[in-house]
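Heads up, model_22.txt below (compact mmCIF, C-alpha atoms):
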```txt
# COMPACT_ATOMS: atom_id res chain seq x y z
CA MET A 10 4.75 187.96 43.47
CA LEU A 11 2.75 186.49 40.61
CA SER A 12 4.06 183.44 38.85
CA ASN A 13 3.67 181.39 35.73
CA PHE A 14 5.61 178.34 36.71
CA TYR A 15 5.90 176.64 33.36
CA LEU A 16 6.03 178.00 29.84
CA ALA A 17 6.71 175.35 27.21
CA TYR A 18 8.29 177.88 24.84
CA THR A 19 11.07 176.87 22.52
CA GLN A 20 11.93 180.28 21.00
CA CYS A 21 13.89 183.00 22.78
CA LYS A 22 11.92 185.80 21.12
CA ASP A 23 8.72 184.36 22.60
CA VAL A 24 10.29 184.42 26.06
CA ALA A 25 11.45 188.00 25.63
CA GLU A 26 8.04 189.13 24.38
CA TYR A 27 6.26 187.27 27.19
CA MET A 28 8.39 189.00 29.82
CA LYS A 29 7.38 192.36 28.40
CA ILE A 30 3.65 191.79 28.25
CA ASP A 31 2.88 189.75 31.36
CA THR A 32 2.99 190.67 35.04
CA ALA A 33 4.49 187.39 36.28
CA SER A 34 7.66 187.74 38.37
CA ILE A 35 8.48 184.03 38.52
CA ILE A 36 8.71 182.27 35.17
CA GLY A 37 9.49 178.61 34.62
CA LEU A 38 11.27 177.72 31.39
CA GLU A 39 12.68 174.50 29.99
CA GLU A 40 16.32 174.12 30.92
CA ASP A 41 17.32 173.80 27.24
CA VAL A 42 15.61 177.06 26.36
CA ILE A 43 17.41 178.92 29.14
CA GLN A 44 20.74 177.56 27.88
CA ASN A 45 19.92 178.43 24.27
CA CYS A 46 18.83 181.95 25.11
CA GLY A 47 21.69 182.45 27.55
CA TYR A 48 21.41 183.64 31.12
CA ASN A 49 22.84 187.06 30.21
CA THR A 50 20.26 187.64 27.49
CA LEU A 51 17.42 186.83 29.86
CA ASN A 52 18.86 189.02 32.61
CA ASN A 53 19.42 192.00 30.34
CA LEU A 54 15.90 192.13 28.97
CA ASP A 55 14.32 195.54 29.26
CA THR A 56 11.53 194.83 31.72
CA ALA A 57 10.17 197.12 34.38
CA ARG A 58 10.45 194.53 37.14
CA ASP A 59 12.77 191.84 38.43
CA ILE A 60 11.98 188.42 37.04
CA ILE A 61 13.09 185.10 38.44
CA VAL A 62 13.63 182.45 35.77
CA VAL A 63 13.29 178.92 37.08
CA PRO A 64 14.77 175.95 35.17
CA ARG A 65 12.12 173.33 34.58
CA ARG A 66 11.76 169.84 33.18
CA ILE A 67 8.40 168.17 32.64
CA LEU A 68 8.30 164.41 32.14
CA HIS A 69 5.54 161.89 31.74
CA VAL A 70 6.48 158.97 33.94
CA ASN A 71 5.53 155.34 34.28
CA GLY A 72 7.15 152.40 36.07
CA LYS A 73 10.10 152.36 33.61
CA ASN A 74 11.32 155.95 33.56
CA ILE A 75 10.30 157.28 36.97
CA ASP A 76 13.92 157.15 38.22
CA GLU A 77 14.94 159.49 35.41
CA CYS A 78 12.44 162.04 36.69
CA LEU A 79 13.53 161.66 40.31
CA ALA A 80 17.20 162.03 39.38
CA LEU A 81 16.49 165.47 37.90
CA ALA A 82 14.82 166.71 41.07
CA GLY A 83 17.88 168.45 42.53
CA LYS A 84 19.05 170.15 39.31
CA THR A 85 15.77 171.60 38.12
CA VAL A 86 12.27 172.07 39.47
CA VAL A 87 11.05 168.89 37.90
CA GLY A 88 7.41 168.14 37.18
CA CYS A 89 6.40 164.50 36.83
CA ALA A 90 3.09 163.58 35.22
CA PRO A 91 2.24 160.02 36.32
CA LEU A 92 0.77 157.69 33.73
CA ASP A 93 -0.06 154.88 36.15
CA THR A 94 -1.14 154.57 39.78
CA SER A 95 2.06 152.99 41.11
CA SER A 96 4.18 155.87 39.72
CA ALA A 97 1.79 158.40 41.21
CA ARG A 98 2.03 156.79 44.65
CA ARG A 99 5.81 156.62 44.46
CA LEU A 100 5.98 160.31 43.52
CA ALA A 101 3.88 161.10 46.57
CA LYS A 102 6.19 159.23 48.94
CA VAL A 103 9.60 160.26 47.65
CA GLY A 104 11.52 162.73 49.81
CA LYS A 105 12.40 165.24 47.09
CA VAL A 106 11.01 168.62 46.12
CA LEU A 107 9.07 168.11 42.92
CA THR A 108 5.66 168.76 41.44
CA VAL A 109 3.08 166.20 40.39
CA VAL A 110 1.69 167.42 37.08
CA LEU A 111 -2.05 167.41 36.59
CA ASN A 112 -2.97 167.46 32.89
CA PRO A 113 -5.49 165.62 30.69
CA LYS A 114 -3.15 162.61 30.49
CA SER A 115 -2.57 162.27 34.23
CA TYR A 116 -5.86 163.41 35.77
CA ARG A 117 -7.00 159.80 36.23
CA TYR A 118 -4.09 159.11 38.58
CA VAL A 119 -3.85 162.46 40.35
CA ASN A 120 -7.05 162.19 42.33
CA GLU A 121 -8.20 162.59 45.93
CA SER A 122 -6.47 159.37 47.04
CA GLN A 123 -3.24 160.71 45.61
CA ILE A 124 -3.70 163.91 47.65
CA ASN A 125 -4.13 161.81 50.80
CA PHE A 126 -0.78 160.14 50.07
CA MET A 127 0.85 163.49 49.34
CA VAL A 128 -0.27 164.83 52.72
CA GLN A 129 1.72 162.04 54.41
CA SER A 130 4.87 162.77 52.40
CA PRO A 131 8.10 163.57 54.33
CA LYS A 132 8.61 166.69 52.20
CA PRO A 133 5.73 168.86 50.97
CA LYS A 134 4.57 168.01 47.49
CA TYR A 135 2.92 170.28 44.98
CA ILE A 136 0.26 169.73 42.36
CA GLU A 137 1.10 171.57 39.15
CA VAL A 138 -1.96 172.18 37.00
CA HIS A 139 -1.22 172.69 33.32
CA LEU A 140 -4.11 174.83 32.14
CA TYR A 141 -3.35 175.08 28.44
CA PRO A 142 -3.90 171.36 27.68
CA PHE A 143 -7.22 171.49 29.54
CA VAL A 144 -8.34 174.63 27.71
CA LEU A 145 -7.24 173.16 24.41
CA ARG A 146 -9.66 170.26 24.93
CA ILE A 147 -12.55 172.75 24.76
CA PHE A 148 -11.65 173.52 21.14
CA SER A 149 -11.17 169.90 20.18
CA GLU A 150 -13.21 168.58 17.25
CA ASP A 151 -13.37 165.13 18.88
CA ILE A 152 -16.88 164.83 20.31
CA ASN A 153 -15.89 161.88 22.50
CA ILE A 154 -13.80 164.09 24.76
CA ASP A 155 -15.81 164.87 27.89
CA VAL A 156 -14.40 168.28 28.72
CA GLU A 157 -16.94 168.97 31.45
CA LYS A 158 -15.91 165.82 33.31
CA GLU A 159 -12.20 166.57 33.00
CA LEU A 160 -12.57 170.14 34.23
CA TYR A 161 -14.87 169.00 37.04
CA LEU A 162 -12.40 166.36 38.24
CA MET A 163 -9.51 168.78 37.92
CA SER A 164 -11.21 171.47 39.97
CA ASN A 165 -12.31 168.86 42.53
CA VAL A 166 -8.72 167.68 43.01
CA VAL A 167 -7.46 171.26 43.31
CA GLU A 168 -10.16 172.08 45.84
CA TYR A 169 -9.35 168.98 47.89
CA ALA A 170 -5.62 169.76 47.76
CA LEU A 171 -6.24 173.30 49.02
CA LYS A 172 -8.38 171.89 51.81
CA LYS A 173 -5.57 169.52 52.85
CA ASP A 174 -2.95 172.26 52.49
CA VAL A 175 -1.16 170.58 49.61
CA GLY A 176 0.38 173.25 47.39
CA VAL A 177 -1.25 173.89 44.02
CA VAL A 178 0.70 175.72 41.34
CA PRO A 179 -1.24 176.57 38.17
CA SER A 180 0.89 176.99 35.05
CA ALA A 181 0.08 178.05 31.52
CA ALA A 182 2.21 175.43 29.70
CA GLY A 183 1.48 177.07 26.36
CA PRO A 184 3.87 175.99 23.58
CA GLU A 185 4.37 179.44 22.04
CA LEU A 186 3.52 183.06 22.62
CA LYS A 187 0.48 183.02 20.33
CA LYS A 188 -0.99 180.18 22.36
CA THR A 189 0.01 181.35 25.77
CA LEU A 190 -2.08 182.04 28.83
CA LEU A 191 -1.06 185.09 30.81
CA VAL A 192 -1.46 185.35 34.58
CA ALA A 193 -4.65 187.40 34.12
CA HIS A 194 -6.07 184.64 31.91
CA MET A 195 -5.20 181.92 34.43
CA ASP A 196 -6.81 183.97 37.16
CA LEU A 197 -10.00 184.24 35.09
CA ILE A 198 -10.08 180.54 34.26
CA LEU A 199 -9.70 179.67 37.95
CA TYR A 200 -12.44 182.19 38.76
CA ALA A 201 -14.74 180.55 36.21
CA LEU A 202 -13.99 177.17 37.80
CA GLY A 203 -15.35 178.56 41.07
CA PHE A 204 -12.28 179.42 43.12
CA SER A 205 -12.46 182.37 45.48
CA LYS A 206 -10.13 185.35 45.42
CA ARG A 207 -8.20 184.02 48.42
CA GLU A 208 -7.74 180.61 46.82
CA ARG A 209 -6.55 182.17 43.58
CA ARG A 210 -4.04 184.35 45.42
CA LEU A 211 -2.81 181.25 47.24
CA MET A 212 -2.29 179.39 43.98
CA LEU A 213 -0.83 182.19 41.89
CA GLU A 214 1.33 183.90 44.50
CA LEU A 215 1.92 182.02 47.73
CA TYR A 216 2.46 178.39 46.76
CA PRO A 217 4.86 179.12 43.84
CA VAL A 218 7.07 181.20 46.13
CA ASP A 219 6.92 178.45 48.75
CA LEU A 220 7.88 175.83 46.14
CA LEU A 221 10.79 177.94 44.92
CA ARG A 222 12.01 178.55 48.47
CA ARG A 223 11.92 174.85 49.30
CA TRP A 224 13.66 173.89 46.06
CA LEU A 225 16.44 176.41 46.67
CA SER A 226 16.96 175.18 50.23
CA SER A 227 16.96 171.49 49.25
CA MET B 30 -64.56 177.83 91.08
CA ASP B 31 -65.03 181.58 91.16
CA VAL B 32 -65.85 183.75 88.14
CA GLU B 33 -62.33 185.14 87.60
CA SER B 34 -60.64 181.75 87.36
CA PHE B 35 -63.43 180.50 85.09
CA ILE B 36 -62.83 183.43 82.71
CA SER B 37 -59.04 182.95 82.69
CA TRP B 38 -59.37 179.22 81.96
CA GLY B 39 -61.83 179.96 79.22
CA ALA B 40 -59.46 182.54 77.66
CA LEU B 41 -56.57 180.09 77.79
CA ILE B 42 -58.57 177.32 76.10
CA LEU B 43 -59.79 179.74 73.44
CA SER B 44 -56.27 180.98 72.65
CA ILE B 45 -54.94 177.39 72.39
CA LEU B 46 -57.82 176.50 70.08
CA SER B 47 -57.22 179.54 67.89
CA MET B 48 -53.51 178.71 67.62
CA ALA B 49 -54.32 175.11 66.64
CA ILE B 50 -56.78 176.29 64.00
CA LEU B 51 -54.20 178.74 62.66
CA ALA B 52 -51.49 176.07 62.50
CA PHE B 53 -53.89 173.75 60.70
CA THR B 54 -55.08 176.28 58.15
CA LEU B 55 -51.84 178.23 57.55
CA PRO B 56 -50.49 176.02 54.72
CA ARG B 57 -53.86 176.17 52.99
CA ILE B 58 -54.01 179.94 53.32
CA HIS B 59 -50.43 180.22 52.05
CA LYS B 60 -51.29 178.03 49.04
CA GLN B 61 -54.44 180.03 48.30
CA VAL B 62 -52.55 183.33 48.47
CA ARG B 63 -49.85 182.01 46.12
CA GLN B 64 -52.51 180.84 43.68
CA LEU B 65 -54.14 184.26 43.82
CA ILE B 66 -50.78 185.94 43.16
CA GLU B 67 -50.15 183.68 40.18
CA GLU B 68 -53.70 184.18 38.95
CA PHE B 69 -53.48 187.95 38.92
CA ALA B 70 -49.87 187.99 37.73
CA ILE B 71 -48.82 190.07 40.70
CA SER B 72 -45.50 188.19 40.72
CA MET B 73 -44.56 189.98 37.53
CA LEU B 74 -44.74 193.22 39.46
CA THR B 75 -43.16 192.05 42.69
CA ARG B 76 -40.17 190.04 41.45
CA ARG B 77 -38.33 189.86 38.15
CA LYS B 78 -37.86 186.66 36.20
CA TYR B 79 -34.18 187.43 35.75
CA ARG B 80 -31.93 190.22 36.80
CA ARG B 81 -30.31 192.13 33.97
CA VAL B 82 -26.90 193.51 34.78
CA LYS B 83 -24.62 195.88 32.96
CA ARG B 84 -20.85 195.73 33.36
CA TYR B 85 -17.95 197.48 31.68
CA ILE B 86 -14.75 195.56 30.99
CA LEU B 87 -11.48 197.33 30.33
CA VAL B 88 -9.37 195.26 27.94
CA LYS B 89 -5.90 195.73 26.59
CA PHE B 90 -5.22 194.32 23.12
CA LEU B 91 -1.62 193.51 22.34
CA CYS B 92 -1.60 193.47 18.56
CA ILE B 93 -4.53 195.37 17.12
CA ASP B 94 -3.52 198.20 14.83
CA GLU B 95 -6.94 198.99 13.44
CA GLU B 96 -7.70 202.66 13.17
CA ASP B 97 -11.26 202.26 12.04
CA TYR B 98 -13.39 201.97 15.15
CA ASN B 99 -16.25 200.17 13.38
CA VAL B 100 -13.98 197.47 11.93
CA LEU B 101 -12.38 196.92 15.31
CA SER B 102 -15.71 196.81 17.08
CA ASN B 103 -17.11 194.26 14.62
CA ARG B 104 -14.02 192.06 14.91
CA ILE B 105 -14.17 191.98 18.69
CA LYS B 106 -17.92 191.38 18.77
CA SER B 107 -17.83 188.59 16.23
CA SER B 108 -14.97 186.95 18.10
CA ILE B 109 -16.82 187.00 21.41
CA TYR B 110 -20.15 185.98 19.90
CA SER B 111 -18.54 183.03 18.12
CA PHE B 112 -17.33 181.88 21.51
CA LEU B 113 -20.62 182.42 23.28
CA GLY B 114 -22.58 180.55 20.61
CA HIS B 115 -26.16 180.90 19.48
CA MET B 116 -27.72 179.91 22.77
CA LEU B 117 -26.05 182.64 24.80
CA ARG B 118 -26.25 185.32 22.13
CA HIS B 119 -29.89 186.05 22.90
CA LYS B 120 -29.02 186.43 26.59
CA CYS B 121 -25.89 188.56 26.34
CA SER B 122 -25.28 191.82 24.56
CA ILE B 123 -21.72 192.92 23.77
CA GLU B 124 -20.74 196.39 22.63
CA VAL B 125 -17.36 198.09 22.23
CA ILE B 126 -18.05 201.58 23.48
CA SER B 127 -14.64 203.16 23.68
CA TYR B 128 -11.20 202.55 22.24
CA LYS B 129 -7.94 204.40 22.73
CA GLN B 130 -5.50 203.47 20.02
CA ALA B 131 -2.41 204.91 21.69
CA SER B 132 -2.68 202.58 24.67
CA ARG B 133 -4.60 199.87 22.76
CA ARG B 134 -7.21 199.80 25.46
CA ALA B 135 -10.92 199.33 24.88
CA ILE B 136 -13.99 199.38 27.08
CA ILE B 137 -16.52 196.65 26.33
CA ARG B 138 -20.05 196.83 27.68
CA VAL B 139 -21.75 193.56 28.60
CA ARG B 140 -25.48 193.50 29.22
CA GLY B 141 -27.60 190.54 30.18
CA GLU B 142 -27.53 187.95 32.91
CA ALA B 143 -24.71 188.00 35.45
CA ILE B 144 -23.14 184.90 33.93
CA CYS B 145 -22.61 186.81 30.65
CA VAL B 146 -19.81 188.81 32.27
CA THR B 147 -17.94 185.65 33.29
CA TYR B 148 -18.40 184.09 29.86
CA THR B 149 -17.27 187.26 28.09
CA LEU B 150 -14.14 187.43 30.26
CA LEU B 151 -13.43 183.78 29.48
CA ALA B 152 -14.01 184.33 25.76
CA LEU B 153 -11.60 187.26 25.79
CA SER B 154 -9.02 185.16 27.61
CA MET B 155 -9.23 182.21 25.26
CA GLN B 156 -9.95 183.71 21.86
CA HIS B 157 -6.29 183.89 20.84
CA LEU B 158 -5.94 180.13 21.30
CA LYS B 159 -8.44 179.62 18.49
CA ASN B 160 -6.82 182.20 16.21
CA GLU B 161 -9.70 184.60 16.52
CA LEU B 162 -8.79 188.28 16.06
CA GLY B 163 -5.64 187.19 14.22
CA SER B 164 -4.13 185.58 17.33
CA CYS B 165 -4.30 188.88 19.15
CA ILE B 166 -3.95 188.48 22.89
CA ALA B 167 -6.56 190.34 24.93
CA ILE B 168 -5.89 191.04 28.60
CA PRO B 169 -8.95 191.91 30.70
CA ILE B 170 -7.66 194.48 33.17
CA ARG B 171 -10.65 195.51 35.22
CA THR B 172 -14.40 195.06 35.43
CA SER B 173 -16.66 197.78 36.78
CA GLY B 174 -20.28 198.75 36.94
CA LEU B 175 -19.46 202.39 36.25
CA ILE B 176 -17.97 203.48 32.96
CA SER B 177 -16.86 206.82 34.41
CA ARG B 178 -14.52 205.04 36.81
CA LEU B 179 -12.79 203.14 34.01
CA ARG B 180 -12.55 206.20 31.78
CA ARG B 181 -11.12 208.37 34.53
CA LYS B 182 -8.58 205.87 35.84
CA TYR B 183 -7.41 204.07 32.74
CA LEU B 184 -8.30 205.64 29.42
CA LYS B 185 -7.16 209.15 30.38
CA ALA B 186 -3.92 207.89 31.90
```

Translate the structure of the given file into structure tokens.
Amino acid sequence: MLSNFYLAYTQCKDVAEYMKIDTASIIGLEEDVIQNCGYNTLNNLDTARDIIVVPRRILHVNGKNIDECLALAGKTVVGCAPLDTSSARRLAKVGKVLTVVLNPKSYRYVNESQINFMVQSPKPKYIEVHLYPFVLRIFSEDINIDVEKELYLMSNVVEYALKKDVGVVPSAAGPELKKTLLVAHMDLILYALGFSKRERRLMLELYPVDLLRRWLSS
Amino acid sequence: MDVESFISWGALILSILSMAILAFTLPRIHKQVRQLIEEFAISMLTRRKYRRVKRYILVKFLCIDEEDYNVLSNRIKSSIYSFLGHMLRHKCSIEVISYKQASRRAIIRVRGEAICVTYTLLALSMQHLKNELGSCIAIPIRTSGLISRLRRKYLKA
């Protein structure tokens, strides 16, 4: 069961078109978008397969607003991107089902030490890698952005997490259909980063289902 | 000491000596042989500098409505080459060799070093983010070394 655990779409027509063209069976959408589109509209879409739509919220957290992120953990599959070390450590220790978002803003704090803390967590934690912001950095005109370093650190963290059996869930996080990454694209990007077929299957199929199962049972 | 034991001791000492001489001279012999190979350019015959591979990629385009094969081919090639850049262009050759408009599927041939295939797949996956090909999303479906396999399984379906 392939998954694309977060699509940052805002338009219903983008969601409908995405469901037709991609092979993902688990799709994460912002809670507001699901409400705007309506559950019935999403269920009645003419697709050849059953699709599970997961309500998501993604927040960037620091010491001030971390409680807001934790409070949402039961209602939606919340993803918290830490912007300082203390928030990252607290996210690792909290006993709720949530994902720690790894993107270009948070990669400094979601490192190997953070994985070590996440291993000791009372409930399993997941790293959610937002690929679109990383890929977007490649096209940036700013020559001061060290894309190679960011991608290297990102793939190192993912590799270490897989080694420690911390769940890794790659997501597209594209803002619209024209700038989306399909499951096939994510698979290729992970392949280019050096992940084996088994690791890619783990990330794209097994861990998302595991995360969903744990969230539903929490 | 009788004659037989004298001969056996002598043979043993000789064999140990020959092994020591061989161990001492082996690196020099190896170096000399390598120099000779380089000198006579035998390496050019025995091993290649780089291995040239040929792969066929089946791609589905989601929004191309071009009917003219040449226009389509040029658009795809220019999009991929702009991603690969000047440095990789002399290493990788891209060619659109087949296109079925009804299913919007095309077969792209990649020739060059093995890394060209990976880069081409990446370029196809990311080109729509940079508004190449008019934001058309390309989905690489399958990569194969045999074009007949792709034609039989996918283009004729």

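Minimum atom-to-atom distances from A:Met163, A:Leu225, A:Ile30, A:Leu211 to chain B were compared using all atoms listed in the file, and the lowest value belongs to A:Ile30.
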
_Between B:Ala52, B:Leu179, B:Ala152, B:Ile168, which residue has the minimum interatomic distance to Ile147 (chain A), considering all atoms listed in the file?_
B:Ala152

Define the interface residues of chain A facing chain B as those within 10 Å, counting all atoms listed in the file, and report them as a PDB file with C-alpha atoms, keeping the file's coordinate frame.
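Listing of part.pdb after writing:
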```pdb
ATOM      1  CA  ILE A  30       3.650 191.790  28.250  1.00  0.00           C
ATOM      2  CA  ASP A  31       2.880 189.750  31.360  1.00  0.00           C
ATOM      3  CA  TYR A 141      -3.350 175.080  28.440  1.00  0.00           C
ATOM      4  CA  VAL A 144      -8.340 174.630  27.710  1.00  0.00           C
ATOM      5  CA  LEU A 145      -7.240 173.160  24.410  1.00  0.00           C
ATOM      6  CA  PHE A 148     -11.650 173.520  21.140  1.00  0.00           C
ATOM      7  CA  GLY A 183       1.480 177.070  26.360  1.00  0.00           C
ATOM      8  CA  LEU A 186       3.520 183.060  22.620  1.00  0.00           C
ATOM      9  CA  LYS A 187       0.480 183.020  20.330  1.00  0.00           C
ATOM     10  CA  LYS A 188      -0.990 180.180  22.360  1.00  0.00           C
ATOM     11  CA  THR A 189       0.010 181.350  25.770  1.00  0.00           C
ATOM     12  CA  LEU A 190      -2.080 182.040  28.830  1.00  0.00           C
ATOM     13  CA  LEU A 191      -1.060 185.090  30.810  1.00  0.00           C
ATOM     14  CA  VAL A 192      -1.460 185.350  34.580  1.00  0.00           C
ATOM     15  CA  ALA A 193      -4.650 187.400  34.120  1.00  0.00           C
ATOM     16  CA  HIS A 194      -6.070 184.640  31.910  1.00  0.00           C
ATOM     17  CA  MET A 195      -5.200 181.920  34.430  1.00  0.00           C
ATOM     18  CA  ASP A 196      -6.810 183.970  37.160  1.00  0.00           C
ATOM     19  CA  LEU A 197     -10.000 184.240  35.090  1.00  0.00           C
ATOM     20  CA  ILE A 198     -10.080 180.540  34.260  1.00  0.00           C
ATOM     21  CA  TYR A 200     -12.440 182.190  38.760  1.00  0.00           C
ATOM     22  CA  ALA A 201     -14.740 180.550  36.210  1.00  0.00           C
TER      23      ALA A 201
END
```

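Nearest residue to Tyr85 (chain B) among B:Ile136, B:Ala143, B:Arg180, B:Tyr98 is B:Ile136, counting only C-alpha atoms.
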
*What is the CA of Asp155 (chain A)-CA of Pro113 (chain A) distance in Å, reported with one decimal?*
10.7 Å

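CA of Val87 (chain A) is found 13.2 Å from CA of Ala17 (chain A).
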
Leaving out Leu162 (chain A) and any residue of its chain fewer than 6 positions from it, which residues lie within 10 Å of it when counting all atoms listed in the file, given as a tab-separated table (two decimals) with C-alpha atoms, keeping the file's coordinate frame?
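Done, and the output landed in around_1.tsv:
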```tsv
chain	number	residue	atom	x	y	z
A	116	TYR	CA	-5.86	163.41	35.77
A	117	ARG	CA	-7.00	159.80	36.23
A	119	VAL	CA	-3.85	162.46	40.35
A	120	ASN	CA	-7.05	162.19	42.33
A	121	GLU	CA	-8.20	162.59	45.93
A	156	VAL	CA	-14.40	168.28	28.72
A	168	GLU	CA	-10.16	172.08	45.84
```

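Going from CA of Glu185 (chain A) to CA of Ala170 (chain A) covers 29.2 Å.
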
Excluding Leu11 (chain A) and any residue of its chain fewer than 5 positions from it, enumerate the residues within 6 Å of it, using all atoms listed in the file, and give them as a PDB file with C-alpha atoms, in the coordinates of the input.
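So the final result, stored in around_24.pdb, reads:
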```
ATOM      1  CA  ALA A  33       4.490 187.390  36.280  1.00  0.00           C
ATOM      2  CA  SER A  34       7.660 187.740  38.370  1.00  0.00           C
ATOM      3  CA  LEU A 213      -0.830 182.190  41.890  1.00  0.00           C
ATOM      4  CA  GLU A 214       1.330 183.900  44.500  1.00  0.00           C
TER       5      GLU A 214
END
```

*Neighbours of region 126-133 of chain B within 7 Å (all atoms listed in the file; same-chain residues fewer than 3 positions away dropped), as a PyMOL selection string?*
chain B and resi 89-90+136-138+184

*Answer as a ChimeraX atom specification, residues within 12 Å of (-9.3, 173.1, 49.0) using only C-alpha atoms*: /A:121,124,163-177,203-205,207-209,211-212

*asked:* Give me, as a PyMOL selection string, all polymer residues having an atom no more than 10 Å from region 68-70 of chain A, counting all atoms listed in the file and skipping those fewer than 6 positions away in the same chain.
replied: chain A and resi 76-79+87-93+96-97+100+109-110+114-115
